[in-house]
$ cat query-v3.cif   # mmCIF, C-alpha atoms
data_work
#
loop_
_atom_site.group_PDB
_atom_site.id
_atom_site.type_symbol
_atom_site.label_atom_id
_atom_site.label_comp_id
_atom_site.auth_asym_id
_atom_site.auth_seq_id
_atom_site.Cartn_x
_atom_site.Cartn_y
_atom_site.Cartn_z
ATOM 1 C CA MET A 1 -7.114 19.198 16.078
ATOM 2 C CA THR A 2 -9.934 19.500 13.616
ATOM 3 C CA PHE A 3 -11.434 16.013 13.938
ATOM 4 C CA ILE A 4 -11.844 14.126 17.198
ATOM 5 C CA PRO A 5 -13.616 10.755 17.044
ATOM 6 C CA ALA A 6 -16.025 9.967 19.881
ATOM 7 C CA LEU A 7 -16.676 6.342 20.822
ATOM 8 C CA SER A 8 -19.544 5.003 22.908
ATOM 9 C CA TYR A 9 -19.098 2.053 25.245
ATOM 10 C CA ARG A 10 -21.462 0.099 27.481
ATOM 11 C CA ASP A 11 -18.759 0.322 30.152
ATOM 12 C CA PRO A 12 -16.673 3.411 29.414
ATOM 13 C CA LYS A 13 -14.575 3.179 32.581
ATOM 14 C CA ALA A 14 -13.505 -0.364 31.649
ATOM 15 C CA ALA A 15 -12.803 0.903 28.123
ATOM 16 C CA LEU A 16 -10.424 3.572 29.442
ATOM 17 C CA ALA A 17 -8.387 0.991 31.333
ATOM 18 C CA TRP A 18 -8.382 -1.439 28.409
ATOM 19 C CA LEU A 19 -7.411 1.178 25.801
ATOM 20 C CA GLU A 20 -4.470 2.170 27.971
ATOM 21 C CA LYS A 21 -3.330 -1.417 28.524
ATOM 22 C CA ALA A 22 -3.855 -2.657 24.960
ATOM 23 C CA PHE A 23 -3.056 0.322 22.767
ATOM 24 C CA GLY A 24 -1.087 2.704 24.979
ATOM 25 C CA PHE A 25 -3.654 5.503 25.123
ATOM 26 C CA GLU A 26 -3.445 7.918 28.061
ATOM 27 C CA THR A 27 -6.418 9.548 29.750
ATOM 28 C CA SER A 28 -5.985 13.302 29.397
ATOM 29 C CA MET A 29 -9.364 14.337 30.812
ATOM 30 C CA LEU A 30 -12.101 12.618 32.793
ATOM 31 C CA ILE A 31 -15.403 14.138 33.843
ATOM 32 C CA GLU A 32 -16.817 11.909 36.559
ATOM 33 C CA PRO A 33 -20.545 11.256 36.272
ATOM 34 C CA PRO A 34 -22.849 12.635 38.972
ATOM 35 C CA ASP A 35 -24.457 9.950 41.123
ATOM 36 C CA GLY A 36 -22.841 7.242 38.999
ATOM 37 C CA ASP A 37 -24.941 8.161 35.936
ATOM 38 C CA MET A 38 -22.541 6.889 33.266
ATOM 39 C CA LYS A 39 -24.493 8.709 30.554
ATOM 40 C CA MET A 40 -22.900 11.877 31.934
ATOM 41 C CA MET A 41 -19.311 10.552 31.948
ATOM 42 C CA HIS A 42 -16.901 12.065 29.440
ATOM 43 C CA ALA A 43 -13.251 11.224 28.908
ATOM 44 C CA GLU A 44 -10.562 12.133 26.430
ATOM 45 C CA MET A 45 -7.491 10.072 25.627
ATOM 46 C CA SER A 46 -4.349 10.793 23.617
ATOM 47 C CA PHE A 47 -1.772 8.569 21.974
ATOM 48 C CA GLU A 48 1.933 9.286 22.353
ATOM 49 C CA GLY A 49 1.050 12.863 23.270
ATOM 50 C CA GLN A 50 -0.718 13.371 19.946
ATOM 51 C CA GLY A 51 -4.183 12.845 18.581
ATOM 52 C CA ARG A 52 -7.259 12.568 20.722
ATOM 53 C CA ILE A 53 -10.355 10.429 21.076
ATOM 54 C CA MET A 54 -13.398 10.947 23.256
ATOM 55 C CA VAL A 55 -14.803 8.032 25.237
ATOM 56 C CA GLY A 56 -18.256 7.960 26.771
ATOM 57 C CA ALA A 57 -21.234 5.785 27.530
ATOM 58 C CA GLU A 58 -24.257 4.933 25.437
ATOM 59 C CA TRP A 59 -25.905 8.238 26.206
ATOM 60 C CA SER A 60 -28.612 8.436 23.518
ATOM 61 C CA ASP A 61 -30.519 6.229 21.095
ATOM 62 C CA TRP A 62 -27.988 6.989 18.357
ATOM 63 C CA ALA A 63 -24.770 6.732 20.449
ATOM 64 C CA LYS A 64 -24.300 2.993 20.891
ATOM 65 C CA SER A 65 -21.458 0.556 21.343
ATOM 66 C CA PRO A 66 -21.013 -2.054 18.611
ATOM 67 C CA ALA A 67 -21.713 -4.550 21.422
ATOM 68 C CA SER A 68 -25.296 -3.236 21.471
ATOM 69 C CA LEU A 69 -25.598 -3.373 17.681
ATOM 70 C CA GLY A 70 -24.542 -6.922 16.917
ATOM 71 C CA GLY A 71 -20.970 -5.786 16.247
ATOM 72 C CA ALA A 72 -21.869 -3.203 13.588
ATOM 73 C CA ASN A 73 -19.402 -0.342 13.097
ATOM 74 C CA THR A 74 -20.164 2.694 10.978
ATOM 75 C CA ALA A 75 -16.611 4.023 11.285
ATOM 76 C CA ASN A 76 -13.267 2.893 12.581
ATOM 77 C CA VAL A 77 -10.376 4.815 14.071
ATOM 78 C CA HIS A 78 -6.972 4.790 12.361
ATOM 79 C CA VAL A 79 -3.971 5.536 14.572
ATOM 80 C CA GLN A 80 -0.518 6.231 13.172
ATOM 81 C CA VAL A 81 2.321 4.892 15.346
ATOM 82 C CA GLU A 82 5.900 6.090 15.172
ATOM 83 C CA ARG A 83 7.731 2.789 15.704
ATOM 84 C CA ASP A 84 7.520 -0.986 16.033
ATOM 85 C CA ILE A 85 4.019 -1.716 14.776
ATOM 86 C CA ASP A 86 4.584 -5.448 15.303
ATOM 87 C CA ALA A 87 5.295 -4.927 19.020
ATOM 88 C CA HIS A 88 2.204 -2.705 19.238
ATOM 89 C CA CYS A 89 0.123 -5.526 17.740
ATOM 90 C CA ALA A 90 1.620 -8.030 20.189
ATOM 91 C CA ARG A 91 0.729 -5.701 23.081
ATOM 92 C CA ALA A 92 -2.865 -5.424 21.847
ATOM 93 C CA ARG A 93 -3.137 -9.204 21.398
ATOM 94 C CA GLY A 94 -1.726 -9.732 24.896
ATOM 95 C CA ALA A 95 -4.432 -7.470 26.332
ATOM 96 C CA GLY A 96 -7.160 -9.503 24.627
ATOM 97 C CA ALA A 97 -7.702 -7.628 21.364
ATOM 98 C CA ILE A 98 -8.995 -9.704 18.490
ATOM 99 C CA ILE A 99 -6.500 -9.206 15.677
ATOM 100 C CA ALA A 100 -8.716 -8.975 12.610
ATOM 101 C CA MET A 101 -5.748 -8.391 10.266
ATOM 102 C CA GLU A 102 -2.161 -9.281 11.104
ATOM 103 C CA PRO A 103 0.508 -6.627 10.407
ATOM 104 C CA GLU A 104 1.311 -6.422 6.730
ATOM 105 C CA ASP A 105 3.005 -3.981 4.376
ATOM 106 C CA GLN A 106 0.713 -1.880 2.192
ATOM 107 C CA PHE A 107 1.318 -0.531 -1.325
ATOM 108 C CA TYR A 108 1.300 3.055 -0.043
ATOM 109 C CA GLY A 109 4.279 2.505 2.273
ATOM 110 C CA ASP A 110 2.655 1.774 5.622
ATOM 111 C CA ARG A 111 2.623 -1.430 7.627
ATOM 112 C CA THR A 112 -0.826 -1.842 9.198
ATOM 113 C CA TYR A 113 -2.861 -4.146 11.380
ATOM 114 C CA ARG A 114 -6.492 -4.170 12.471
ATOM 115 C CA ALA A 115 -7.767 -4.956 15.979
ATOM 116 C CA VAL A 116 -11.185 -5.255 17.598
ATOM 117 C CA ASP A 117 -11.660 -4.107 21.193
ATOM 118 C CA PRO A 118 -13.816 -5.935 23.774
ATOM 119 C CA GLU A 119 -16.976 -4.039 22.768
ATOM 120 C CA GLY A 120 -16.444 -4.471 19.027
ATOM 121 C CA HIS A 121 -14.891 -1.155 17.925
ATOM 122 C CA VAL A 122 -12.538 -1.718 14.991
ATOM 123 C CA TRP A 123 -9.140 -0.007 15.191
ATOM 124 C CA THR A 124 -6.502 0.220 12.470
ATOM 125 C CA PHE A 125 -2.902 0.992 13.377
ATOM 126 C CA GLY A 126 -0.282 1.978 10.829
ATOM 127 C CA GLN A 127 3.391 2.826 10.707
ATOM 128 C CA THR A 128 5.075 4.385 7.693
ATOM 129 C CA VAL A 129 7.913 2.006 6.839
ATOM 130 C CA ARG A 130 8.867 3.435 3.449
ATOM 131 C CA ARG A 131 8.139 6.504 1.400
ATOM 132 C CA VAL A 132 6.557 5.912 -1.984
ATOM 133 C CA THR A 133 5.551 8.299 -4.716
ATOM 134 C CA ARG A 134 2.028 8.450 -6.101
ATOM 135 C CA GLU A 135 3.286 6.825 -9.293
ATOM 136 C CA GLU A 136 4.858 3.945 -7.339
ATOM 137 C CA ALA A 137 1.622 3.444 -5.404
ATOM 138 C CA GLU A 138 -0.402 3.439 -8.624
ATOM 139 C CA ARG A 139 1.912 0.856 -10.204
ATOM 140 C CA ALA A 140 1.849 -1.359 -7.111
ATOM 141 C CA SER A 141 -1.925 -1.182 -6.676
ATOM 142 C CA GLY A 142 -3.149 -0.890 -10.234
ATOM 143 C CA LEU A 143 -5.358 2.005 -9.077
ATOM 144 C CA LYS A 144 -5.645 5.594 -10.269
ATOM 145 C CA ILE A 145 -4.812 7.890 -7.362
ATOM 146 C CA THR A 146 -5.737 11.563 -7.305
ATOM 147 C CA GLY A 147 -4.016 13.722 -4.742
ATOM 148 C CA TRP A 148 -1.090 12.438 -2.747
ATOM 149 C CA PRO A 149 0.546 13.758 0.390
#

$ encode --input "query-v3.cif" --output "structure tokens"
Amino acid sequence: MTFIPALSYRDPKAALAWLEKAFGFETSMLIEPPDGDMKMMHAEMSFEGQGRIMVGAEWSDWAKSPASLGGANTANVHVQVERDIDAHCARARGAGAIIAMEPEDQFYGDRTYRAVDPEGHVWTFGQTVRRVTREEAERASGLKITGWP
């Protein structure tokens, strides 16, 4: 993997449990902090055996949870799911996620929803539900698109 997002939490251990319950992430590595110093904790999680995120504490002045910044996010994490995006959203809602955008079909062929975790990180989940060409996406959106997978 070339890019691995790292998220800071006030309570990273609680975040690990919540991310597993709500989104289905699995802890693949956990470095326990010495003497309970959470600034030294490091964890990695995967989703459906693919992708990876790093989860840690607020360990410096620039590594903060949105909960410490009035909810501000400078980036969000997008996760592609293989199947049943609506059930995934229901699972997240059941675990207490705030659903900021209900599942809806997008012009580029994915069905997506947006959720906010207990500390304010914004997550987008998508499932490809139909294949569209660049030309179809341009017609549907009214936008000029350069490059297309």

$ closest_residue --input "query-v3.cif" --among "A:Leu7, A:Val81, A:Met41, A:Leu30" --to "Gly126 of chain A" --atoms "only C-alpha atoms"
A:Val81

$ closest_residue --input "query-v3.cif" --among "A:Trp148, A:Gly120, A:Ala100, A:His88" --to "Thr133 of chain A" --atoms "all atoms listed in the file"
A:Trp148

$ closest_residue --input "query-v3.cif" --among "A:Ile31, A:Met40, A:Ala22, A:Ala63" --to "Ser8 of chain A" --atoms "all atoms listed in the file"
A:Ala63

$ resolve_selection --input "query-v3.cif" --expression "the PyMOL selection byres ((chain A and resi 113-119) around 9)" --output "JSON, numbers by chain"
{"A": [9, 10, 11, 15, 18, 19, 22, 65, 66, 67, 68, 71, 78, 85, 86, 89, 92, 93, 96, 97, 98, 99, 100, 101, 102, 103, 104, 111, 112, 120, 121, 122, 123, 124, 125, 126]}

$ atom_distance --input "query-v3.cif" --atom1 "atom CA of Ala17 of chain A" --atom2 "atom CA of Ala72 of chain A"
22.7 Å

$ atom_distance --input "query-v3.cif" --atom1 "atom CA of Val77 of chain A" --atom2 "atom CA of Met45 of chain A"
13.0 Å
